[in-house]
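For reference, my_file_23.tsv is printed below; it contains TSV, C-alpha atoms.
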```tsv
chain	number	residue	atom	x	y	z
A	1	MET	CA	55.05	90.06	140.37
A	2	THR	CA	52.56	87.20	140.15
A	3	GLU	CA	50.11	89.40	138.25
A	4	ALA	CA	52.82	90.57	135.86
A	5	THR	CA	53.84	86.97	135.20
A	6	ALA	CA	50.23	86.00	134.55
A	7	TRP	CA	49.79	88.86	132.07
A	8	ALA	CA	53.03	87.85	130.42
A	9	ALA	CA	51.70	84.30	130.00
A	10	VAL	CA	48.39	85.51	128.54
A	11	LEU	CA	49.96	88.00	126.16
A	12	GLY	CA	52.70	85.54	125.28
A	13	ALA	CA	50.11	82.93	124.36
A	14	ALA	CA	48.26	85.47	122.21
A	15	SER	CA	51.47	86.46	120.46
A	16	GLY	CA	52.31	82.80	119.94
A	17	ALA	CA	48.93	82.18	118.35
A	18	LEU	CA	49.41	85.15	116.01
A	19	ILE	CA	52.86	83.93	114.99
A	20	THR	CA	51.47	80.44	114.36
A	21	VAL	CA	48.76	81.83	112.08
A	22	LEU	CA	51.29	83.94	110.23
A	23	LEU	CA	53.60	80.97	109.69
A	24	VAL	CA	50.77	78.78	108.41
A	25	LEU	CA	49.58	81.45	106.01
A	26	ALA	CA	53.11	82.23	104.87
A	27	ARG	CA	53.73	78.56	104.17
A	28	ARG	CA	50.55	78.35	102.14
A	29	LEU	CA	51.47	81.46	100.21
A	30	ALA	CA	54.88	80.00	99.43
A	31	ARG	CA	53.25	76.90	97.96
A	32	GLY	CA	51.38	78.94	95.43
A	33	GLY	CA	47.83	79.65	94.35
A	34	GLY	CA	46.06	76.47	95.49
A	35	ASP	CA	46.22	76.88	99.29
A	36	LEU	CA	46.02	80.67	99.57
A	37	GLY	CA	44.26	81.55	96.39
A	38	SER	CA	41.00	83.14	97.55
A	39	ASP	CA	40.71	86.88	97.98
A	40	ALA	CA	39.64	86.40	101.60
A	41	GLU	CA	42.70	84.30	102.44
A	42	GLN	CA	45.09	86.73	100.80
A	43	ALA	CA	43.43	89.69	102.53
A	44	ALA	CA	43.76	87.92	105.88
A	45	TYR	CA	47.42	87.24	105.23
A	46	ARG	CA	48.12	90.86	104.27
A	47	ALA	CA	46.28	92.13	107.35
A	48	LEU	CA	48.23	89.85	109.70
A	49	HIS	CA	51.46	90.77	107.99
A	50	GLU	CA	50.88	94.51	108.38
A	51	ALA	CA	49.75	94.04	111.99
A	52	GLY	CA	52.91	92.12	112.80
A	53	LEU	CA	55.10	94.86	111.30
A	54	ALA	CA	53.24	97.61	113.15
A	55	ALA	CA	53.48	95.75	116.48
A	56	THR	CA	57.27	95.96	116.49
A	57	HIS	CA	57.19	99.75	116.35
A	58	LEU	CA	54.37	100.17	118.88
A	59	ARG	CA	56.09	98.27	121.71
A	60	GLY	CA	58.22	101.30	122.57
A	61	GLY	CA	55.12	103.29	123.52
A	62	LEU	CA	53.61	106.50	122.14
A	63	ALA	CA	56.78	108.37	123.05
A	64	GLY	CA	58.90	106.00	120.97
A	65	SER	CA	61.01	106.88	117.95
A	66	ASP	CA	59.54	104.42	115.41
A	67	LEU	CA	55.91	105.50	115.48
A	68	ASP	CA	55.92	106.87	111.91
A	69	ARG	CA	56.71	103.35	110.72
A	70	ALA	CA	53.86	102.01	112.82
A	71	ALA	CA	51.52	104.59	111.28
A	72	ARG	CA	52.57	103.51	107.79
A	73	HIS	CA	51.64	99.88	108.49
A	74	LEU	CA	48.40	100.88	110.24
A	75	ARG	CA	47.37	102.96	107.22
A	76	SER	CA	48.00	99.97	104.98
A	77	LEU	CA	46.03	97.78	107.36
A	78	LEU	CA	43.03	100.15	107.36
A	79	GLY	CA	43.21	101.11	103.69
A	80	SER	CA	42.72	104.79	104.57
A	81	ALA	CA	44.19	107.90	102.97
A	82	THR	CA	45.90	109.07	106.16
A	83	VAL	CA	46.56	107.69	109.64
A	84	ALA	CA	47.68	109.69	112.66
A	85	LEU	CA	48.53	108.77	116.23
A	86	VAL	CA	47.76	111.55	118.69
A	87	HIS	CA	49.29	111.59	122.18
A	88	GLU	CA	48.96	114.31	124.82
A	89	GLY	CA	47.39	116.77	122.40
A	90	ARG	CA	49.87	116.44	119.56
A	91	VAL	CA	50.39	114.29	116.50
A	92	VAL	CA	53.24	111.90	117.30
A	93	ALA	CA	53.02	109.86	114.08
A	94	LEU	CA	51.52	110.56	110.67
A	95	ASP	CA	51.41	108.72	107.38
A	96	GLY	CA	49.62	109.94	104.26
A	97	GLU	CA	48.65	113.59	103.84
A	98	THR	CA	50.79	115.71	106.16
A	99	SER	CA	49.27	119.18	105.72
A	100	ASP	CA	48.71	121.45	108.71
A	101	ALA	CA	44.96	121.27	108.08
A	102	VAL	CA	44.95	117.47	108.44
A	103	GLN	CA	47.07	117.59	111.58
A	104	ASP	CA	44.87	120.28	113.15
A	105	ALA	CA	41.75	118.26	112.34
A	106	ALA	CA	43.33	115.13	113.86
A	107	VAL	CA	44.26	116.95	117.08
A	108	SER	CA	40.80	118.52	117.35
A	109	LEU	CA	39.01	115.19	116.86
A	110	ALA	CA	41.40	113.42	119.23
A	111	ALA	CA	40.54	115.90	121.98
A	112	ARG	CA	36.84	115.01	121.60
A	113	VAL	CA	37.66	111.31	121.66
A	114	ALA	CA	39.81	111.66	124.78
A	115	ASP	CA	37.06	113.62	126.57
A	116	SER	CA	34.31	111.15	125.70
A	117	GLY	CA	36.34	107.93	125.73
A	118	ARG	CA	34.45	106.81	122.60
A	119	ARG	CA	34.86	106.81	118.84
A	120	GLN	CA	34.11	110.06	117.08
A	121	VAL	CA	33.39	110.75	113.40
A	122	THR	CA	33.40	114.01	111.55
A	123	GLY	CA	32.91	114.88	107.88
A	124	GLY	CA	31.21	112.90	105.13
A	125	THR	CA	28.46	110.32	105.41
A	126	ASP	CA	28.86	106.68	104.41
A	127	GLY	CA	30.07	106.57	100.79
A	128	GLU	CA	30.09	110.34	100.30
A	129	GLY	CA	32.78	112.93	101.03
A	130	LYS	CA	35.97	112.96	103.06
A	131	GLY	CA	35.60	111.95	106.70
A	132	ILE	CA	37.77	111.58	109.80
A	133	VAL	CA	37.41	108.80	112.35
A	134	GLY	CA	39.03	108.75	115.78
A	135	ALA	CA	39.09	105.91	118.33
A	136	PRO	CA	40.59	105.86	121.83
A	137	ILE	CA	43.62	103.73	122.68
A	138	VAL	CA	42.85	102.61	126.22
A	139	VAL	CA	45.44	101.00	128.50
A	140	ASP	CA	44.57	100.15	132.11
A	141	GLY	CA	41.38	102.18	131.88
A	142	ARG	CA	43.18	105.32	130.66
A	143	VAL	CA	42.99	106.91	127.23
A	144	VAL	CA	46.71	107.06	126.43
A	145	GLY	CA	46.29	108.10	122.82
A	146	VAL	CA	43.95	108.31	119.84
A	147	LEU	CA	44.09	106.57	116.48
A	148	VAL	CA	42.81	108.86	113.73
A	149	ALA	CA	42.07	107.82	110.13
A	150	VAL	CA	41.15	110.08	107.21
A	151	THR	CA	39.27	108.55	104.29
A	152	ASP	CA	37.63	109.72	101.09
A	153	PRO	CA	34.93	108.63	100.72
A	154	MET	CA	33.79	107.82	104.27
A	155	ARG	CA	32.95	104.15	104.82
A	156	ALA	CA	31.00	102.64	107.71
A	157	ALA	CA	33.34	99.63	107.65
A	158	LEU	CA	36.31	101.91	108.31
A	159	VAL	CA	34.64	103.37	111.40
A	160	ARG	CA	34.35	99.90	112.90
A	161	ALA	CA	37.84	98.91	111.77
A	162	VAL	CA	39.46	101.97	113.39
A	163	GLY	CA	37.89	100.99	116.72
A	164	GLU	CA	39.18	97.43	116.45
A	165	VAL	CA	42.68	98.51	115.40
A	166	ALA	CA	42.79	101.04	118.26
A	167	ASP	CA	42.02	98.20	120.69
A	168	TRP	CA	44.77	96.13	119.08
A	169	CYS	CA	47.20	99.05	119.44
A	170	ALA	CA	46.27	99.26	123.12
A	171	ALA	CA	47.18	95.59	123.56
A	172	GLN	CA	50.58	96.17	121.95
A	173	LEU	CA	51.26	99.19	124.15
A	174	ALA	CA	50.24	97.21	127.24
A	175	LEU	CA	52.60	94.43	126.21
A	176	GLY	CA	55.39	96.98	125.76
A	177	GLU	CA	54.70	98.38	129.23
A	178	LEU	CA	54.78	94.87	130.63
A	179	ASP	CA	58.16	94.24	129.00
A	180	ALA	CA	59.44	97.48	130.54
A	181	SER	CA	58.01	96.51	133.94
A	182	ARG	CA	59.65	93.10	133.76
A	183	ALA	CA	62.97	94.72	132.89
A	184	ALA	CA	62.58	97.11	135.83
A	185	LEU	CA	61.67	94.22	138.10
A	186	ALA	CA	64.71	92.24	136.98
A	187	GLU	CA	66.91	95.28	137.67
A	188	ALA	CA	65.34	95.70	141.12
A	189	GLU	CA	66.01	92.05	141.92
A	190	LEU	CA	69.62	92.44	140.79
A	191	ARG	CA	69.97	95.49	143.02
A	192	SER	CA	68.59	93.41	145.87
A	193	LEU	CA	71.14	90.67	145.19
A	194	ARG	CA	73.96	93.21	145.04
A	195	ALA	CA	72.76	94.62	148.34
A	196	GLN	CA	73.31	91.18	149.87
A	197	ILE	CA	77.07	91.68	149.57
A	198	SER	CA	77.30	91.83	153.31
A	199	PRO	CA	79.28	94.55	155.07
A	200	HIS	CA	80.30	91.66	157.32
A	201	PHE	CA	81.88	89.88	154.33
A	202	ILE	CA	83.61	93.07	153.15
A	203	TYR	CA	84.99	93.69	156.65
A	204	ASN	CA	86.22	90.09	156.94
A	205	ALA	CA	87.79	90.19	153.47
A	206	LEU	CA	89.65	93.42	154.15
A	207	THR	CA	90.75	92.15	157.55
A	208	ALA	CA	92.11	88.97	155.95
A	209	ILE	CA	93.97	91.04	153.34
A	210	ALA	CA	95.43	93.25	156.05
A	211	SER	CA	96.69	90.23	157.97
A	212	PHE	CA	98.92	89.25	155.02
A	213	ILE	CA	100.37	92.68	154.27
A	214	THR	CA	103.35	92.28	156.59
A	215	THR	CA	103.89	88.53	156.55
A	216	GLU	CA	103.00	87.71	152.91
A	217	PRO	CA	102.78	90.91	150.84
A	218	ALA	CA	102.55	89.00	147.56
A	219	ARG	CA	99.54	87.09	148.89
A	220	ALA	CA	97.99	90.36	150.08
A	221	ARG	CA	98.35	91.84	146.57
A	222	GLU	CA	96.68	88.78	145.04
A	223	LEU	CA	93.76	89.06	147.47
A	224	VAL	CA	93.35	92.78	146.70
A	225	LEU	CA	93.03	91.88	143.00
A	226	GLU	CA	90.53	89.12	143.81
A	227	PHE	CA	88.50	91.58	145.87
A	228	ALA	CA	88.54	94.09	142.99
A	229	ASP	CA	87.44	91.39	140.51
A	230	PHE	CA	84.64	90.25	142.78
A	231	THR	CA	83.21	93.71	143.39
A	232	ARG	CA	83.63	94.75	139.74
A	233	TYR	CA	81.61	91.76	138.54
A	234	SER	CA	78.94	92.05	141.23
A	235	PHE	CA	78.26	95.70	140.43
A	236	ARG	CA	78.65	95.57	136.66
A	237	ARG	CA	75.84	96.97	134.48
A	238	GLN	CA	76.21	94.93	131.30
A	239	GLY	CA	72.81	93.27	131.35
A	240	GLU	CA	70.66	90.60	132.89
A	241	PHE	CA	72.62	87.63	131.52
A	242	THR	CA	76.16	86.35	131.57
A	243	THR	CA	77.96	83.08	130.86
A	244	LEU	CA	78.69	80.31	133.32
A	245	ALA	CA	82.42	80.93	132.75
A	246	GLU	CA	82.11	84.59	133.80
A	247	GLU	CA	80.07	83.71	136.86
A	248	LEU	CA	82.61	81.05	137.88
A	249	ARG	CA	85.42	83.61	137.66
A	250	SER	CA	83.62	85.77	140.18
A	251	ILE	CA	82.94	82.75	142.40
A	252	HIS	CA	86.65	81.91	142.26
A	253	SER	CA	87.48	85.41	143.55
A	254	TYR	CA	84.88	85.12	146.31
A	255	LEU	CA	86.17	81.74	147.45
A	256	GLU	CA	89.80	82.90	147.42
A	257	LEU	CA	88.83	85.68	149.82
A	258	GLU	CA	86.97	83.22	152.04
A	259	ARG	CA	89.90	80.79	151.96
A	260	ALA	CA	92.13	83.59	153.28
A	261	ARG	CA	89.82	83.75	156.28
A	262	PHE	CA	88.95	80.07	156.78
A	263	GLY	CA	92.33	78.63	155.87
A	264	ASP	CA	92.30	74.83	155.72
A	265	ARG	CA	88.79	74.78	157.17
A	266	LEU	CA	87.33	75.56	153.73
A	267	GLN	CA	87.70	72.90	151.03
A	268	VAL	CA	86.41	73.51	147.50
A	269	VAL	CA	85.93	70.95	144.75
A	270	LEU	CA	85.16	72.05	141.17
A	271	ARG	CA	83.83	69.64	138.55
A	272	ILE	CA	83.04	71.72	135.49
A	273	ALA	CA	82.38	70.11	132.12
A	274	PRO	CA	84.18	72.36	129.58
A	275	GLU	CA	81.21	72.31	127.20
A	276	THR	CA	79.04	74.02	129.83
A	277	LEU	CA	81.21	77.14	130.17
A	278	ALA	CA	79.53	79.01	127.30
A	279	THR	CA	76.02	78.42	128.69
A	280	VAL	CA	74.08	81.66	129.07
A	281	ILE	CA	72.76	82.02	132.62
A	282	PRO	CA	71.01	84.80	134.55
A	283	PHE	CA	73.56	87.21	136.00
A	284	LEU	CA	74.22	86.52	139.72
A	285	SER	CA	72.39	83.21	139.78
A	286	VAL	CA	75.13	80.77	140.89
A	287	GLN	CA	77.20	83.17	142.97
A	288	PRO	CA	74.48	83.84	145.61
A	289	ILE	CA	74.04	80.06	146.03
A	290	VAL	CA	77.74	79.65	146.75
A	291	GLU	CA	77.72	82.61	149.14
A	292	ASN	CA	74.68	81.10	150.88
A	293	ALA	CA	76.56	77.80	151.29
A	294	VAL	CA	79.51	79.53	152.97
A	295	ARG	CA	77.60	82.02	155.06
A	296	HIS	CA	74.70	79.87	156.25
A	297	GLY	CA	76.05	76.37	155.73
A	298	LEU	CA	79.71	76.40	156.80
A	299	GLU	CA	80.29	79.57	158.81
A	300	PRO	CA	77.96	78.64	161.72
A	301	GLY	CA	80.04	75.50	162.39
A	302	GLU	CA	83.48	75.86	163.94
A	303	ARG	CA	85.00	73.07	161.86
A	304	GLY	CA	84.27	74.74	158.52
A	305	GLY	CA	83.63	72.23	155.77
A	306	GLY	CA	83.58	71.60	152.05
A	307	ILE	CA	81.77	72.93	149.00
A	308	ARG	CA	81.34	71.11	145.72
A	309	ILE	CA	80.46	73.06	142.57
A	310	GLU	CA	79.59	70.97	139.55
A	311	ALA	CA	78.36	71.80	136.05
A	312	ARG	CA	77.07	68.97	133.85
A	313	ASP	CA	76.09	68.83	130.21
A	314	ASP	CA	72.62	67.29	130.34
A	315	ALA	CA	71.52	67.08	126.69
A	316	THR	CA	69.28	70.16	126.21
A	317	HIS	CA	70.22	71.74	129.55
A	318	THR	CA	73.24	72.63	131.66
A	319	GLU	CA	72.81	71.46	135.24
A	320	VAL	CA	74.67	73.32	137.98
A	321	LEU	CA	74.97	71.86	141.49
A	322	VAL	CA	76.27	73.55	144.64
A	323	GLU	CA	76.62	71.27	147.65
A	324	ASP	CA	77.96	71.93	151.14
A	325	ASP	CA	78.38	69.63	154.15
A	326	GLY	CA	77.43	72.32	156.65
A	327	VAL	CA	74.63	72.71	159.18
A	328	GLY	CA	71.75	72.43	156.70
A	329	MET	CA	68.26	73.57	157.62
A	330	ASP	CA	64.78	72.26	158.31
A	331	PRO	CA	62.95	71.47	155.01
A	332	GLU	CA	59.75	73.17	156.20
A	333	ALA	CA	61.67	76.30	157.09
A	334	LEU	CA	63.21	76.21	153.60
A	335	ARG	CA	59.78	75.83	151.97
A	336	THR	CA	58.53	78.85	153.91
A	337	LEU	CA	61.61	80.82	152.93
A	338	LEU	CA	61.16	80.19	149.20
A	339	ASN	CA	57.46	81.06	149.27
A	340	THR	CA	57.41	84.07	151.59
A	341	GLU	CA	58.35	87.68	150.96
A	342	ALA	CA	61.07	88.27	153.52
A	343	ASP	CA	64.33	90.07	154.10
A	344	GLY	CA	67.44	88.86	155.86
A	345	ALA	CA	69.01	85.40	155.80
A	346	HIS	CA	68.79	83.42	152.55
A	347	VAL	CA	67.06	86.26	150.65
A	348	GLY	CA	69.63	85.85	147.85
A	349	ILE	CA	68.67	82.25	147.19
A	350	ARG	CA	64.97	83.18	147.17
A	351	ASN	CA	65.59	85.92	144.60
A	352	VAL	CA	67.49	83.49	142.39
A	353	ASP	CA	64.61	81.00	142.57
A	354	LEU	CA	62.06	83.69	141.64
A	355	ARG	CA	64.13	84.91	138.69
A	356	LEU	CA	64.61	81.40	137.32
A	357	ARG	CA	60.87	80.70	137.54
A	358	GLN	CA	60.09	83.98	135.84
A	359	LEU	CA	62.49	83.23	132.98
A	360	TYR	CA	61.99	79.48	132.50
A	361	GLY	CA	58.55	78.74	133.94
A	362	PRO	CA	57.36	77.15	137.22
A	363	ALA	CA	59.48	74.05	136.64
A	364	GLY	CA	62.63	76.14	136.11
A	365	GLY	CA	63.22	77.09	139.75
A	366	LEU	CA	65.85	75.80	142.14
A	367	VAL	CA	65.69	72.27	143.55
A	368	VAL	CA	67.02	72.22	147.12
A	369	GLU	CA	67.75	69.13	149.20
A	370	THR	CA	68.59	69.77	152.84
A	371	ASN	CA	67.98	68.75	156.43
A	372	THR	CA	69.22	69.86	159.80
A	373	GLY	CA	72.83	68.74	160.23
A	374	ALA	CA	72.90	67.11	156.79
A	375	GLY	CA	74.22	69.90	154.59
A	376	THR	CA	72.51	71.38	151.54
A	377	LEU	CA	72.43	70.56	147.84
A	378	VAL	CA	71.10	73.18	145.42
A	379	ARG	CA	70.44	72.27	141.79
A	380	MET	CA	69.57	74.58	138.89
A	381	ARG	CA	68.91	73.68	135.26
A	382	VAL	CA	69.30	76.20	132.46
A	383	PRO	CA	68.39	75.62	128.80
A	384	LYS	CA	71.47	75.46	126.60
A	385	SER	CA	69.62	77.11	123.71
A	386	GLN	CA	68.39	80.61	124.56
A	387	PRO	CA	68.35	82.60	121.28
A	388	GLN	CA	66.63	85.55	122.98
A	389	HIS	CA	69.52	85.84	125.43
A	390	ASP	CA	72.47	85.52	123.05
A	391	LEU	CA	75.57	87.26	124.32
A	392	ALA	CA	78.73	88.52	122.70
A	393	LEU	CA	80.86	87.84	125.76
A	394	HIS	CA	84.35	86.45	126.09
A	395	THR	CA	83.97	83.11	127.87
A	396	GLY	CA	87.60	82.17	128.33
A	397	GLY	CA	88.65	79.69	130.97
A	398	VAL	CA	88.13	79.27	134.68
A	399	ARG	CA	90.96	79.94	137.09
A	400	THR	CA	91.52	77.23	139.69
```
Turn the structure described in the file into structure tokens.
Amino acid sequence: MTEATAWAAVLGAASGALITVLLVLARRLARGGGDLGSDAEQAAYRALHEAGLAATHLRGGLAGSDLDRAARHLRSLLGSATVALVHEGRVVALDGETSDAVQDAAVSLAARVADSGRRQVTGGTDGEGKGIVGAPIVVDGRVVGVLVAVTDPMRAALVRAVGEVADWCAAQLALGELDASRAALAEAELRSLRAQISPHFIYNALTAIASFITTEPARARELVLEFADFTRYSFRRQGEFTTLAEELRSIHSYLELERARFGDRLQVVLRIAPETLATVIPFLSVQPIVENAVRHGLEPGERGGGIRIEARDDATHTEVLVEDDGVGMDPEALRTLLNTEADGAHVGIRNVDLRLRQLYGPAGGLVVETNTGAGTLVRMRVPKSQPQHDLALHTGGVRT
């Protein structure tokens, strides 16, 4: 995961630099002839523009559905008569001349490129006659595809350009694979968090419900509904993000089930600023912290205790705090826990910390204050503006 994060940072920085250049050039173009008037500047702008359009359609990989659009922009970028992308011995995208002869020639040349791992040229010499150029698209040391360009007449500059554009395509495909890997990693971490729904908790919840069936059937029905709401939310498959309001609903159900077991030994205080309810947060990020407070903070002590859940509007961020007055833990043991791959106790809180750092950077992780016998305070800060994580979810209110 560390390597994937590092690659994400490198590729993210490169993408950021490209976007910056595009914005600067676009601004100059909008001003008119003075700032972007030379042929070289306009050519650079057009090249960056076409590259940016092609990148969008390459991120899905060479088995994607938008590759013909990528080929169209790559042909414009190279200035060739035809461009083809060849993957696993067949043409997967083609723009320009689409005859069987061209496709057969592209597949034949691509096979030579894949075998040699180097650029190959067939046909006319520089400045004379139609020629075909093929260059390998190499990702992680493997030739995953071949970029083929047909031109008439053949130009030495095109041979070099095809090689450079093939390398650029490889970078886009690698970035797409990284995005897919990060999505798979996030899903794996969510599965791990769901797995932390302890059979012990389920047994205790069902036992508590059963204890009310005869004496308080209405209360038993309410708890059954709370249990259904809790499990439905925890195992939902609607994405990696939710709203604070939705997460608090699930926490409410969880705490109602625990109150049925603890009785008066569990006190809960909620202080939620209404303006924070619509904040987009990672799915299952607050709930595991609350569960950790009950299971590892309060449950070990016979007297039970209290939990305070607070959400504050802090200018550009929403700050969420979960505090318990339970047994606490040794700070060094906590530091080891958050920095060591381990299963068992507190694994949920470690997964939350890792996900927050992955999404919001090293400074975006949990802040935990604790000591033996002194309870635990966990603080998380989430940016209020997250355009890339916009949700169309009903936020509603929070039951209390």
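Here the question is which of A:Asp66, A:Glu319, A:Asp115, A:Asp314 gets nearest to Leu94 (chain A) using only C-alpha atoms, and that residue is A:Asp66.
Picture a line from CA of Thr316 (chain A) to CA of Thr370 (chain A); it runs 26.6 Å.
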Need the shell around Leu173 (chain A): protein/DNA/RNA residues with any atom at most 8 Å away, counting only C-alpha atoms. Skip same-chain ones fewer than 6 positions apart. Format as a PyMOL selection string?
chain A and resi 58-62+139
Write the residues of the preceding selection, restricted to C-alpha atoms, as a CSV table (one decimal), keeping the file's coordinate frame.
```csv
chain,number,residue,atom,x,y,z
A,58,LEU,CA,54.4,100.2,118.9
A,59,ARG,CA,56.1,98.3,121.7
A,60,GLY,CA,58.2,101.3,122.6
A,61,GLY,CA,55.1,103.3,123.5
A,62,LEU,CA,53.6,106.5,122.1
A,139,VAL,CA,45.4,101.0,128.5
```
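Shortest atom-to-atom contact with Gly306 (chain A) among A:Pro362, A:Pro282, A:Gly375, A:Pro383: A:Gly375, counting only C-alpha atoms.
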Could you list, as a PyMOL selection string, every residue within 9 Å of Ile289 (chain A), counting all atoms listed in the file and ignoring same-chain residues fewer than 2 positions away?
chain A and resi 285-287+291-294+322+348-349+352+378
One decimal, Å: what's the distance from CA of Ala110 (chain A) over to CA of Ile132 (chain A), could you say?
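We find that CA of Ala110 (chain A) and CA of Ile132 (chain A) lie 10.3 Å from each other.
Among the candidate residues A:Leu257, A:Leu284, A:Leu337, A:Ala71, the one lying nearest to Phe212 (chain A) is A:Leu257, with distances computed using all atoms listed in the file.
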Near Glu332 (chain A), counting only C-alpha atoms, which residues have an atom at most 12 Å away, once you skip same-chain residues fewer than 3 positions from it, shown as a ChimeraX atom specification?
/A:329,335-339,368-372
Please list as number ranges by chain every residue within 9 Å of Gly131 (chain A), counting only C-alpha atoms and excluding residues in the same chain fewer than 6 positions away.
A: 121-125, 149-155
Expected axis-aligned box over every listed atom of region 204-221 of chain A, 4 Å added per side, centre plus edges in Å to one decimal, as lines of an AutoDock Vina configuration file:
```
center_x = 95.1
center_y = 90.3
center_z = 152.3
size_x = 25.7
size_y = 14.3
size_z = 19.4
```
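We find CA of Ala205 (chain A) and CA of Leu277 (chain A) to be spaced 27.5 Å apart.
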Using all atoms listed in the file, which residue out of A:Arg219, A:Arg90, A:His73, A:His296 lies closest to Ala106 (chain A)?
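When distances to Ala106 (chain A) are compared using all atoms listed in the file, the smallest one comes from A:Arg90.
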Which is closer to Thr243 (chain A) than all the others in A:Glu310, A:Glu216, A:Asp229, A:Glu275, using only C-alpha atoms?
A:Glu275
From the list A:Ala374, A:Ala93, A:Val280, A:Val224, which residue is nearest Asp330 (chain A) when using only C-alpha atoms?
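For Asp330 (chain A), the nearest of the candidates is A:Ala374.
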Neighbour list for Arg381 (chain A) as a PyMOL selection string, cut-off 10 Å, all atoms listed in the file, skip fewer than 5 positions in-chain
chain A and resi 281+311-312+314+316-321+356+360+363-367
